[in-house]
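**Q** This is the structure I have questions about; it appears just below.
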Amino acid sequence: MVLDFLLPSPPKSWSADKTSSFHAKITTPTKAAIEPVGRHFLAHARRHIHSRTFSEDEKVVSEAEAAARSAGDGEQDNSDLGDEPEDPAMLRRDPKDWKDQDQYAVLGLSALRYKATEDQIRRAHRRKVLKHHPDKKAAHGGLHDDGFFKCIQKAFETLMDPVKRRQWDSVDPAVSDSIPNAKSKSDFYKSYGPVFERESRFSNTQPVPQLGDANSAQDQVEGFYDFWYKFDSWRTFEWMDKEDGEGHDSRDDKRYFEKKNKAERAKLKKEDNARLREIVDQALSLDPRIKIFKEQANKQRNAKRREKEEAEQRAAEEAAAAAAAAEAARIAAEEAEKKGREDGKKNKELLKRAVRKEKKNLKALIKDNNYFLPAGQTAGPAEVEKQLEALDALLDGAKGLDQLESVRQTLEDGVKNGNIAEVFKAEVAKRSA
Amino acid sequence: MESVVIGINFGSSNSSIAVLAPNGHFNVIANADGERMIPSVVGFSGDEEFSGTQALQQAVRNPKNTLQGFRKLIGKKFEEIKISSDVTHPDMVSKDGVPAYKVSFKDQEHIFTVPAVVTKQLKHILEEAEAYLGSKVTGAVLAVPTYFSEHQREVLAKSAADAGINVLQIIQEPVAAALAYNFGQNPAKGDAQDKTALVLDMGASSFDITVLSVRSGIYTILETAHDEALGGDAFTDELVNLVAQEFKKKTKVDVSSNKKALLKIRTAAEITKKQLARSASAPCSVESVAEGLDYHGSINRLRFELASTKLFAKCNQLIEHILEKSQLTAGAIDEILLVGGATRMPKFQSKLRDIFPETTMRLDQESDEAITVGCAAQASLIAGFEKEDIVASTKENITVTPHTVKPIGVVGSNDEFFTIIPNHTPLPAKRVFEFGQAAAGQQEVYFALYEGEQDPLPPKKEKVEKVDIGSDDEEEDEEEELPAKPTYHKTTLLAEVVLKDLPAGAKAGSLHIEATVHVDVSGKTSITLREKKSGKQVRAESA
């Protein structure tokens, strides 16, 4: 309640040392019933029951509310968003220049940037809105200034739209584009690891292999460089487009601007690709692991070569030895053959003589045994002829000296046993079969 | 268990139920017949027992077994009540001194006491609410008229408990309505802290007026008046008479003593009356009024209003009576809260406007649902409390508190009195307000607190009833007679306080002095002056 009149100075009669004086009591109050209804009555009852004064009660209630609020906030833990101070210059920004504002800083996400999740952006936005809503400011006696609130809304719009967010992330000036100094003596993994991590955000293929450390396996390292040489980046430079001003609404102007922007974008993209290439080249050239791998490969190659040479030598020696042995064998064989040929002639003759002797023995055996006829029977020429033919067949079937000998043995056994005729017949049948 | 609380307006003619909707508004819910107004009627027909809409539908056929208007009999003794025994009313007997209805039900004679009938009706209401909500109702707030005695409240509470309702609280009807209108409940948001309202509740069967003051959101009933004969039904009666006369003119059949015919006309007239609140004329059709003859006609609003002139005059009398009794001018009323369906009548509102030309007339709440909504609002407010705490908070040691008799305030430069704590303010009271500073470079400010008294009312001019309507002179006269806001003058100096050593060299108006005046239950006053910017302050307390 504001009373629109001014307080006067004390009257002249007022003594300087006094601050107050009470003159009369109010007219004795009358008792009456108040209606036990509504929240103001509840407050009255609460004050009465706990015998609190107005200000005590306000304090207790506001504390309870604050506790309830903080309990409610507990459900939404914003600790991951951090609590960064707001730059006063940022608060004074003109929302018209929202394209140039740091979209993450406006929402208080400078620490997270491209790593902020959608949920985090949402919560950060909510937090900022609660703080900067024009109604809220007006309630606290502030000016009805919604400049920064508009900035917040613009930043939120940008970051919630995946396309726009990529455009912004592509040109976010707070994330460095630098290439580490190739001559720097600092730790390779420490200086290049974050660089590759930073550049990973532009990859169309996720997850992106990272630099790793000194203990990474060779195939991992090679896979890493392979990936980065084939890096597929979505980085885009539309954010840098020059706006075609309000006045240029003719088609030609528009086309001109479009063409210019497109060329500019292509140029920037080319530069960016070259930049990335340089980073990868430089990393590859400095990578201590690659050096080790190269040495290892060299060593291996050398070892292999040595092995191969040794093997070749060994093979040559073996071949020479084998050739010498073969020569000796050939000579020996030739000699043996010559000797054998001479031996063979003599043997054949001996064999022939033996066979002839054996055949003669057999014929004699047949003749002695009366051509296997029963005793007393004189052998007619036909009989003799027949037995001799059988003998010829037998002799034809029994080749070689040893067979002839066995036939003769069998027949002699038959003579001894007296059944020569049957043995002969069986022998003939066996041999001629 | 989650608490599901409802507000019940158990009216003498109609009842309704309200709940807090998820959107934060209070919804009046419809019963199974789709009606938001559930007739307070219980009926017995054959083997069946009806309540609400269905009971009313069979009322014409079965008046002897249809019980209506039983609310006003709650807690009364049989000897106290007036019994109208004819074919259109059920028979009444005394059962241990308690009035009871004698009805035939299931081919037998049954006697139901008034509390038992109330239980039946409330049980019906509870069933409708639970059917709508789809869950058990854990508590309800009911409202009663201001003239209900403590005994009547107890009987109602017991009947409700018998019906299975957990009664959280029984509140006064005008207060419930004020709560529904959110009257003075947001003192911080530009709404004045201290206001006085006239709650006009014209339901079907009675006219209740309450002068209600709100001080920092707390209500005090200053004065009440009621007329049990004045209500929507009385207006309907006038309409019934009109139709009966017309019917007689057309058909030469007199139905003035034919109760059944009158009942039929009444049903139709009720609808016609409601239509007349919206349009200048409305049709009225009754099939087979008497002797097989139908009535078809149209009633003009002006004709209805002329026929009801006496009733409107009675309303005015009652309003003027209560103003006089509470020693208030029409200008002292800040708001008029309209409650009950009958207050929708355009003539009623225009008559009010004549008496209160300046007063805000609140129409933002469905007038016949205001009490229900207020009950629901109170129910949802106390739903979280333990029953004992609610009972404890409504005990006399808390609800009866000292109120200021005279306004306390400060005096401006030309002896003008600004009220800080008005009369009828429950104690303890605390008010915070702000001043500018007198002049540039002023280093001491002087604050004096006075008690005041209302200036004598302007002599009341006798209103001359003018016959000719619409003359320009009358309007001019009325403008002269505009009831003024009450003015006050200082009577007693209560206290003086000086705030010293304010920052030197301040520009005029750059310092803001905040004064806090606190009066406790015994009337002890304490004053704090504080300069807002520097925080320099002085506090003084009376002995």
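Just remember, in the structure tokens the first chain shown is A, the second B, etc., residues are 1-based per chain, and ligands are 1-based in the order shown.
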Compute the chain B side of the contact with chain A at 6 Å, counting only C-alpha atoms, and hand it back as a list in words.

**A**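 Result, ordered by chain then number: Gly217, Ile218, Tyr219, Thr220, Ser393, Thr394, Thr399, Val400, Thr401, Pro402, His403, Thr404, Val405, Phe433, Glu434, Phe435, Gly436, Gln437, Ala438, Glu444, Val445, Tyr446, Leu494, Ala495, Glu496, Val497, Val498 and Ser542 of chain B.
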
**Q** Could you turn the residues from that selection into a file that holds N, CA, C and O atoms, as a short mmCIF file (atom, residue, chain, number, x, y, z; two decimals), in the first residue's frame?

**A**
```cif
data_model
loop_
_atom_site.label_atom_id
_atom_site.label_comp_id
_atom_site.auth_asym_id
_atom_site.auth_seq_id
_atom_site.Cartn_x
_atom_site.Cartn_y
_atom_site.Cartn_z
N GLY B 217 -7.53 -10.73 3.89
CA GLY B 217 -7.91 -12.09 3.50
C GLY B 217 -8.75 -12.84 4.51
O GLY B 217 -9.16 -13.95 4.25
N ILE B 218 -8.99 -12.23 5.67
CA ILE B 218 -9.81 -12.92 6.68
C ILE B 218 -11.22 -12.33 6.67
O ILE B 218 -11.40 -11.11 6.67
N TYR B 219 -12.20 -13.24 6.65
CA TYR B 219 -13.59 -12.81 6.53
C TYR B 219 -14.24 -12.66 7.90
O TYR B 219 -14.03 -13.48 8.79
N THR B 220 -15.03 -11.62 8.02
CA THR B 220 -15.87 -11.47 9.20
C THR B 220 -17.27 -11.14 8.70
O THR B 220 -17.44 -10.26 7.85
N SER B 393 -8.72 -25.85 14.67
CA SER B 393 -8.60 -24.50 14.12
C SER B 393 -9.95 -23.79 14.06
O SER B 393 -10.00 -22.58 13.92
N THR B 394 -11.05 -24.54 14.11
CA THR B 394 -12.35 -23.89 14.05
C THR B 394 -12.93 -23.68 15.45
O THR B 394 -14.07 -23.28 15.59
N THR B 399 -11.33 -18.71 16.44
CA THR B 399 -12.22 -17.99 15.52
C THR B 399 -12.83 -16.75 16.14
O THR B 399 -13.26 -15.86 15.42
N VAL B 400 -12.89 -16.70 17.47
CA VAL B 400 -13.45 -15.49 18.07
C VAL B 400 -12.28 -14.64 18.53
O VAL B 400 -11.48 -15.06 19.36
N THR B 401 -12.15 -13.51 17.92
CA THR B 401 -11.00 -12.67 18.23
C THR B 401 -11.43 -11.21 18.29
O THR B 401 -12.46 -10.84 17.70
N PRO B 402 -10.68 -10.38 19.00
CA PRO B 402 -11.06 -8.97 19.07
C PRO B 402 -11.00 -8.30 17.71
O PRO B 402 -10.11 -8.61 16.91
N HIS B 403 -11.94 -7.43 17.46
CA HIS B 403 -11.95 -6.65 16.22
C HIS B 403 -11.86 -5.17 16.58
O HIS B 403 -12.40 -4.74 17.60
N THR B 404 -11.21 -4.43 15.74
CA THR B 404 -11.15 -2.98 15.98
C THR B 404 -12.55 -2.40 15.84
O THR B 404 -13.38 -2.90 15.06
N VAL B 405 -12.78 -1.36 16.59
CA VAL B 405 -14.09 -0.73 16.54
C VAL B 405 -14.04 0.50 15.64
O VAL B 405 -14.95 0.78 14.87
N PHE B 433 2.94 0.07 4.83
CA PHE B 433 2.65 1.00 3.75
C PHE B 433 3.80 1.97 3.58
O PHE B 433 4.74 1.99 4.39
N GLU B 434 3.75 2.73 2.54
CA GLU B 434 4.92 3.50 2.14
C GLU B 434 4.58 4.98 1.96
O GLU B 434 3.48 5.31 1.51
N PHE B 435 5.53 5.84 2.31
CA PHE B 435 5.36 7.28 2.09
C PHE B 435 6.52 7.81 1.26
O PHE B 435 7.61 7.24 1.27
N GLY B 436 6.28 8.91 0.66
CA GLY B 436 7.40 9.64 0.08
C GLY B 436 7.96 10.55 1.16
O GLY B 436 7.50 10.56 2.29
N GLN B 437 8.98 11.32 0.83
CA GLN B 437 9.58 12.22 1.81
C GLN B 437 9.10 13.64 1.53
O GLN B 437 8.77 13.97 0.39
N ALA B 438 9.09 14.44 2.55
CA ALA B 438 8.47 15.75 2.39
C ALA B 438 9.23 16.65 1.43
O ALA B 438 8.71 17.07 0.42
N GLU B 444 14.66 14.53 8.97
CA GLU B 444 13.82 13.95 10.02
C GLU B 444 12.42 13.90 9.49
O GLU B 444 11.95 14.84 8.84
N VAL B 445 11.74 12.78 9.74
CA VAL B 445 10.32 12.74 9.35
C VAL B 445 9.48 12.43 10.58
O VAL B 445 9.91 11.72 11.49
N TYR B 446 8.26 12.92 10.54
CA TYR B 446 7.36 12.84 11.67
C TYR B 446 6.13 12.05 11.25
O TYR B 446 5.54 12.30 10.20
N LEU B 494 -3.08 8.80 18.68
CA LEU B 494 -2.64 7.59 19.37
C LEU B 494 -1.15 7.63 19.65
O LEU B 494 -0.71 7.36 20.76
N ALA B 495 -0.34 7.97 18.65
CA ALA B 495 1.10 7.90 18.84
C ALA B 495 1.81 8.80 17.85
O ALA B 495 1.28 9.13 16.79
N GLU B 496 3.02 9.20 18.24
CA GLU B 496 3.87 9.98 17.33
C GLU B 496 5.23 9.31 17.28
O GLU B 496 5.74 8.89 18.33
N VAL B 497 5.83 9.26 16.13
CA VAL B 497 7.16 8.67 15.99
C VAL B 497 7.97 9.54 15.04
O VAL B 497 7.43 10.06 14.05
N VAL B 498 9.25 9.70 15.35
CA VAL B 498 10.12 10.51 14.48
C VAL B 498 11.30 9.64 14.04
O VAL B 498 11.92 8.95 14.86
N SER B 542 3.79 0.82 22.21
CA SER B 542 3.02 1.43 23.29
C SER B 542 3.13 0.56 24.53
O SER B 542 3.35 -0.65 24.43
#
```

**Q** So the first atom is CA of Asp119 (chain A) and the second is CA of Lys131 (chain A); what is the distance between them in Å, to one decimal place?

**A**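 CA of Asp119 (chain A) sits 18.6 Å away from CA of Lys131 (chain A).
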
**Q** Can you pull out every residue within 8 Å of region 128-136 of chain B, counting only C-alpha atoms, but drop anything in the same chain fewer than 3 positions away, and send it as a ChimeraX atom specification?

**A** /B:4,17,29-32,124-125

**Q** Can you list, as a VMD selection string, every protein, DNA or RNA residue that comes within 10 Å of region 221-227 of chain A when you count only C-alpha atoms, leaving out same-chain residues fewer than 2 positions away?

**A** chain A and resid 205 208 to 219 229 to 232 280 to 281 283 to 284 287 289 to 290 293

**Q** For C-alpha atoms, I'd like the residues from the last selection saved as an mmCIF file, in the first residue's frame.

**A**
```
data_model
loop_
_atom_site.group_PDB
_atom_site.id
_atom_site.type_symbol
_atom_site.label_atom_id
_atom_site.label_comp_id
_atom_site.auth_asym_id
_atom_site.auth_seq_id
_atom_site.Cartn_x
_atom_site.Cartn_y
_atom_site.Cartn_z
ATOM 1 C CA THR A 205 30.838 -41.859 -38.677
ATOM 2 C CA VAL A 208 35.745 -42.068 -34.054
ATOM 3 C CA PRO A 209 38.971 -43.939 -33.278
ATOM 4 C CA GLN A 210 41.142 -41.904 -30.951
ATOM 5 C CA LEU A 211 44.847 -41.413 -30.812
ATOM 6 C CA GLY A 212 45.401 -43.848 -27.993
ATOM 7 C CA ASP A 213 48.713 -44.085 -26.166
ATOM 8 C CA ALA A 214 52.152 -45.594 -26.407
ATOM 9 C CA ASN A 215 50.789 -49.065 -25.703
ATOM 10 C CA SER A 216 48.219 -49.111 -28.497
ATOM 11 C CA ALA A 217 48.457 -52.098 -30.770
ATOM 12 C CA GLN A 218 49.798 -51.628 -34.240
ATOM 13 C CA ASP A 219 46.563 -52.471 -36.023
ATOM 14 C CA TYR A 229 42.936 -39.986 -43.829
ATOM 15 C CA LYS A 230 39.474 -40.976 -45.008
ATOM 16 C CA PHE A 231 37.769 -38.601 -42.544
ATOM 17 C CA ASP A 232 34.173 -37.804 -43.538
ATOM 18 C CA VAL A 280 46.927 -35.929 -39.558
ATOM 19 C CA ASP A 281 50.079 -35.682 -41.661
ATOM 20 C CA ALA A 283 50.694 -36.430 -36.280
ATOM 21 C CA LEU A 284 51.728 -39.342 -38.455
ATOM 22 C CA ASP A 287 53.983 -40.406 -33.931
ATOM 23 C CA ARG A 289 54.710 -45.486 -32.369
ATOM 24 C CA ILE A 290 54.958 -45.259 -36.114
ATOM 25 C CA PHE A 293 56.668 -49.876 -35.999
#
```

**Q** I'd like the neighbourhood of region 270-276 of chain B as a PyMOL selection string, where a residue qualifies if any of its atoms comes within 12 Å (using only C-alpha atoms), though same-chain residues fewer than 5 positions away should be ignored.

**A** chain B and resi 204+232-240+242-243+262-265+281-286+296-305+308+341-347

**Q** Could the residues in this selection be saved with N, CA and C atoms as a short mmCIF file (atom, residue, chain, number, x, y, z; two decimals), in the first residue's frame?

**A**
```
data_model
loop_
_atom_site.label_atom_id
_atom_site.label_comp_id
_atom_site.auth_asym_id
_atom_site.auth_seq_id
_atom_site.Cartn_x
_atom_site.Cartn_y
_atom_site.Cartn_z
N ALA B 204 -33.64 -20.92 -4.74
CA ALA B 204 -35.01 -21.23 -5.14
C ALA B 204 -36.00 -20.81 -4.06
N GLY B 232 -36.46 -17.81 -5.81
CA GLY B 232 -36.82 -18.13 -7.17
C GLY B 232 -38.22 -18.71 -7.28
N ASP B 233 -38.59 -19.52 -6.28
CA ASP B 233 -39.91 -20.15 -6.31
C ASP B 233 -41.03 -19.13 -6.25
N ALA B 234 -40.80 -18.07 -5.47
CA ALA B 234 -41.82 -17.04 -5.35
C ALA B 234 -42.04 -16.37 -6.70
N PHE B 235 -40.93 -16.19 -7.43
CA PHE B 235 -41.07 -15.60 -8.77
C PHE B 235 -41.77 -16.57 -9.70
N THR B 236 -41.46 -17.85 -9.54
CA THR B 236 -42.13 -18.84 -10.37
C THR B 236 -43.63 -18.84 -10.07
N ASP B 237 -43.95 -18.67 -8.79
CA ASP B 237 -45.37 -18.62 -8.41
C ASP B 237 -46.10 -17.52 -9.16
N GLU B 238 -45.45 -16.37 -9.26
CA GLU B 238 -46.05 -15.27 -9.99
C GLU B 238 -46.31 -15.66 -11.44
N LEU B 239 -45.34 -16.35 -11.98
CA LEU B 239 -45.47 -16.78 -13.37
C LEU B 239 -46.59 -17.81 -13.50
N VAL B 240 -46.69 -18.69 -12.52
CA VAL B 240 -47.75 -19.70 -12.53
C VAL B 240 -49.11 -19.00 -12.50
N LEU B 242 -49.77 -16.02 -13.55
CA LEU B 242 -49.97 -15.41 -14.86
C LEU B 242 -50.54 -16.42 -15.85
N VAL B 243 -49.90 -17.60 -15.86
CA VAL B 243 -50.32 -18.62 -16.82
C VAL B 243 -51.72 -19.11 -16.48
N LEU B 262 -51.71 -26.97 -11.20
CA LEU B 262 -50.72 -25.93 -10.86
C LEU B 262 -49.31 -26.51 -10.88
N LEU B 263 -49.18 -27.74 -10.41
CA LEU B 263 -47.87 -28.38 -10.43
C LEU B 263 -47.35 -28.53 -11.85
N LYS B 264 -48.26 -28.90 -12.74
CA LYS B 264 -47.87 -29.05 -14.15
C LYS B 264 -47.41 -27.72 -14.73
N ILE B 265 -48.21 -26.68 -14.44
CA ILE B 265 -47.85 -25.36 -14.96
C ILE B 265 -46.49 -24.94 -14.39
N SER B 281 -38.65 -12.51 -24.39
CA SER B 281 -39.90 -13.25 -24.22
C SER B 281 -39.60 -14.73 -24.38
N ALA B 282 -40.47 -15.55 -23.77
CA ALA B 282 -40.21 -16.99 -23.82
C ALA B 282 -41.53 -17.73 -23.93
N PRO B 283 -41.51 -18.83 -24.64
CA PRO B 283 -42.76 -19.60 -24.77
C PRO B 283 -43.02 -20.41 -23.51
N CYS B 284 -44.28 -20.73 -23.30
CA CYS B 284 -44.65 -21.58 -22.18
C CYS B 284 -45.73 -22.54 -22.67
N SER B 285 -45.44 -23.82 -22.61
CA SER B 285 -46.41 -24.81 -23.10
C SER B 285 -46.65 -25.85 -22.03
N VAL B 286 -47.91 -26.10 -21.76
CA VAL B 286 -48.27 -27.15 -20.81
C VAL B 286 -49.29 -28.06 -21.47
N HIS B 296 -50.76 -23.16 -24.62
CA HIS B 296 -49.60 -22.73 -25.38
C HIS B 296 -49.58 -21.22 -25.40
N GLY B 297 -48.52 -20.63 -24.92
CA GLY B 297 -48.48 -19.18 -24.92
C GLY B 297 -47.05 -18.69 -24.85
N SER B 298 -46.94 -17.40 -24.82
CA SER B 298 -45.61 -16.82 -24.73
C SER B 298 -45.66 -15.72 -23.68
N ILE B 299 -44.64 -15.67 -22.84
CA ILE B 299 -44.62 -14.69 -21.77
C ILE B 299 -43.57 -13.64 -22.08
N ASN B 300 -43.97 -12.41 -21.96
CA ASN B 300 -43.09 -11.28 -22.18
C ASN B 300 -42.33 -11.00 -20.88
N ARG B 301 -41.04 -10.64 -20.99
CA ARG B 301 -40.28 -10.41 -19.77
C ARG B 301 -40.86 -9.24 -18.96
N LEU B 302 -41.24 -8.18 -19.68
CA LEU B 302 -41.76 -7.00 -18.99
C LEU B 302 -43.00 -7.37 -18.17
N ARG B 303 -43.81 -8.23 -18.75
CA ARG B 303 -45.04 -8.62 -18.07
C ARG B 303 -44.71 -9.40 -16.79
N PHE B 304 -43.74 -10.26 -16.92
CA PHE B 304 -43.31 -11.04 -15.77
C PHE B 304 -42.75 -10.12 -14.70
N GLU B 305 -41.99 -9.11 -15.12
CA GLU B 305 -41.38 -8.21 -14.16
C GLU B 305 -42.43 -7.34 -13.46
N SER B 308 -44.03 -9.22 -10.90
CA SER B 308 -43.19 -9.50 -9.73
C SER B 308 -42.74 -8.24 -9.01
N GLY B 341 -29.28 -18.98 -8.45
CA GLY B 341 -29.76 -18.84 -9.83
C GLY B 341 -30.67 -17.64 -10.02
N ALA B 342 -31.47 -17.31 -8.99
CA ALA B 342 -32.46 -16.25 -9.18
C ALA B 342 -31.81 -14.88 -9.36
N THR B 343 -30.55 -14.73 -8.93
CA THR B 343 -29.89 -13.43 -9.10
C THR B 343 -29.55 -13.16 -10.55
N ARG B 344 -29.82 -14.14 -11.42
CA ARG B 344 -29.55 -13.92 -12.85
C ARG B 344 -30.62 -13.04 -13.50
N MET B 345 -31.73 -12.87 -12.82
CA MET B 345 -32.82 -12.10 -13.42
C MET B 345 -32.33 -10.69 -13.73
N PRO B 346 -32.52 -10.23 -14.96
CA PRO B 346 -31.99 -8.92 -15.34
C PRO B 346 -32.58 -7.80 -14.49
N LYS B 347 -33.85 -7.94 -14.15
CA LYS B 347 -34.50 -6.89 -13.37
C LYS B 347 -33.86 -6.81 -11.98
#
```

**Q** Name the residues of region 139-214 of chain B that fall into strand (DSSP E) according to DSSP on the backbone, using the chain letters and numbers of this document, as a list in words.

**A**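 The residues of region 139-214 of chain B classed as strand (DSSP E) are Gly139, Ala140, Val141, Leu142, Ala143, Val144, Val167, Leu168, Gln169, Ile170, Ile171, Gln172, Asp194, Lys195, Thr196, Ala197, Leu198, Val199, Leu200, Asp201, Met202, Phe207, Asp208, Ile209, Thr210, Val211, Leu212, Ser213 and Val214 of chain B.
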
**Q** Take the residues that were just selected and, keeping N, CA and C atoms, output them as a tab-separated table (two decimals), in the first residue's frame.

**A**
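Below you can see out03.tsv, which holds the result:
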```tsv
chain	number	residue	atom	x	y	z
B	139	GLY	N	-12.87	-36.82	1.45
B	139	GLY	CA	-13.34	-35.77	2.34
B	139	GLY	C	-14.19	-34.77	1.60
B	140	ALA	N	-15.04	-34.04	2.33
B	140	ALA	CA	-15.90	-33.06	1.69
B	140	ALA	C	-16.12	-31.89	2.63
B	141	VAL	N	-16.33	-30.73	2.01
B	141	VAL	CA	-16.72	-29.55	2.77
B	141	VAL	C	-18.15	-29.21	2.38
B	142	LEU	N	-18.99	-28.96	3.37
B	142	LEU	CA	-20.38	-28.61	3.11
B	142	LEU	C	-20.62	-27.18	3.56
B	143	ALA	N	-21.68	-26.59	3.02
B	143	ALA	CA	-22.01	-25.23	3.43
B	143	ALA	C	-23.42	-25.19	3.99
B	144	VAL	N	-23.62	-24.31	4.96
B	144	VAL	CA	-24.95	-24.13	5.53
B	144	VAL	C	-25.27	-22.64	5.55
B	167	VAL	N	-16.83	-35.55	6.62
B	167	VAL	CA	-17.02	-34.10	6.58
B	167	VAL	C	-15.79	-33.41	7.16
B	168	LEU	N	-15.07	-32.71	6.31
B	168	LEU	CA	-13.88	-32.01	6.79
B	168	LEU	C	-14.27	-30.76	7.56
B	169	GLN	N	-15.26	-30.07	7.03
B	169	GLN	CA	-15.66	-28.81	7.65
B	169	GLN	C	-17.03	-28.42	7.10
B	170	ILE	N	-17.78	-27.72	7.95
B	170	ILE	CA	-19.04	-27.14	7.48
B	170	ILE	C	-18.86	-25.63	7.55
B	171	ILE	N	-19.02	-24.96	6.41
B	171	ILE	CA	-18.76	-23.52	6.39
B	171	ILE	C	-20.04	-22.77	6.05
B	172	GLN	N	-19.97	-21.47	6.20
B	172	GLN	CA	-21.13	-20.62	5.94
B	172	GLN	C	-21.25	-20.37	4.44
B	194	ASP	N	-8.51	-4.38	2.43
B	194	ASP	CA	-9.71	-4.29	3.26
B	194	ASP	C	-10.90	-3.91	2.40
B	195	LYS	N	-11.87	-4.78	2.38
B	195	LYS	CA	-13.04	-4.52	1.56
B	195	LYS	C	-14.27	-5.01	2.28
B	196	THR	N	-15.39	-4.53	1.81
B	196	THR	CA	-16.66	-4.99	2.35
B	196	THR	C	-17.52	-5.42	1.17
B	197	ALA	N	-18.17	-6.55	1.34
B	197	ALA	CA	-18.99	-7.05	0.26
B	197	ALA	C	-20.40	-7.32	0.76
B	198	LEU	N	-21.32	-7.24	-0.18
B	198	LEU	CA	-22.68	-7.63	0.10
B	198	LEU	C	-22.90	-8.93	-0.66
B	199	VAL	N	-23.15	-9.99	0.07
B	199	VAL	CA	-23.39	-11.26	-0.60
B	199	VAL	C	-24.89	-11.44	-0.71
B	200	LEU	N	-25.38	-11.46	-1.93
B	200	LEU	CA	-26.81	-11.63	-2.16
B	200	LEU	C	-27.05	-13.03	-2.68
B	201	ASP	N	-27.69	-13.83	-1.86
B	201	ASP	CA	-27.90	-15.23	-2.23
B	201	ASP	C	-29.39	-15.46	-2.40
B	202	MET	N	-29.83	-15.48	-3.65
B	202	MET	CA	-31.22	-15.80	-3.87
B	202	MET	C	-31.32	-17.13	-4.59
B	207	PHE	N	-34.01	-15.88	0.35
B	207	PHE	CA	-33.14	-14.78	-0.02
B	207	PHE	C	-32.31	-14.43	1.20
B	208	ASP	N	-31.00	-14.68	1.10
B	208	ASP	CA	-30.10	-14.41	2.22
B	208	ASP	C	-29.16	-13.29	1.83
B	209	ILE	N	-29.05	-12.30	2.71
B	209	ILE	CA	-28.10	-11.22	2.46
B	209	ILE	C	-27.08	-11.21	3.59
B	210	THR	N	-25.84	-11.04	3.22
B	210	THR	CA	-24.78	-11.00	4.23
B	210	THR	C	-23.88	-9.83	3.93
B	211	VAL	N	-23.54	-9.08	4.96
B	211	VAL	CA	-22.50	-8.07	4.81
B	211	VAL	C	-21.22	-8.71	5.32
B	212	LEU	N	-20.27	-8.82	4.42
B	212	LEU	CA	-19.06	-9.56	4.73
B	212	LEU	C	-17.87	-8.62	4.58
B	213	SER	N	-17.04	-8.56	5.61
B	213	SER	CA	-15.85	-7.74	5.46
B	213	SER	C	-14.64	-8.65	5.32
B	214	VAL	N	-13.69	-8.22	4.54
B	214	VAL	CA	-12.45	-8.97	4.43
B	214	VAL	C	-11.32	-8.05	4.85
```
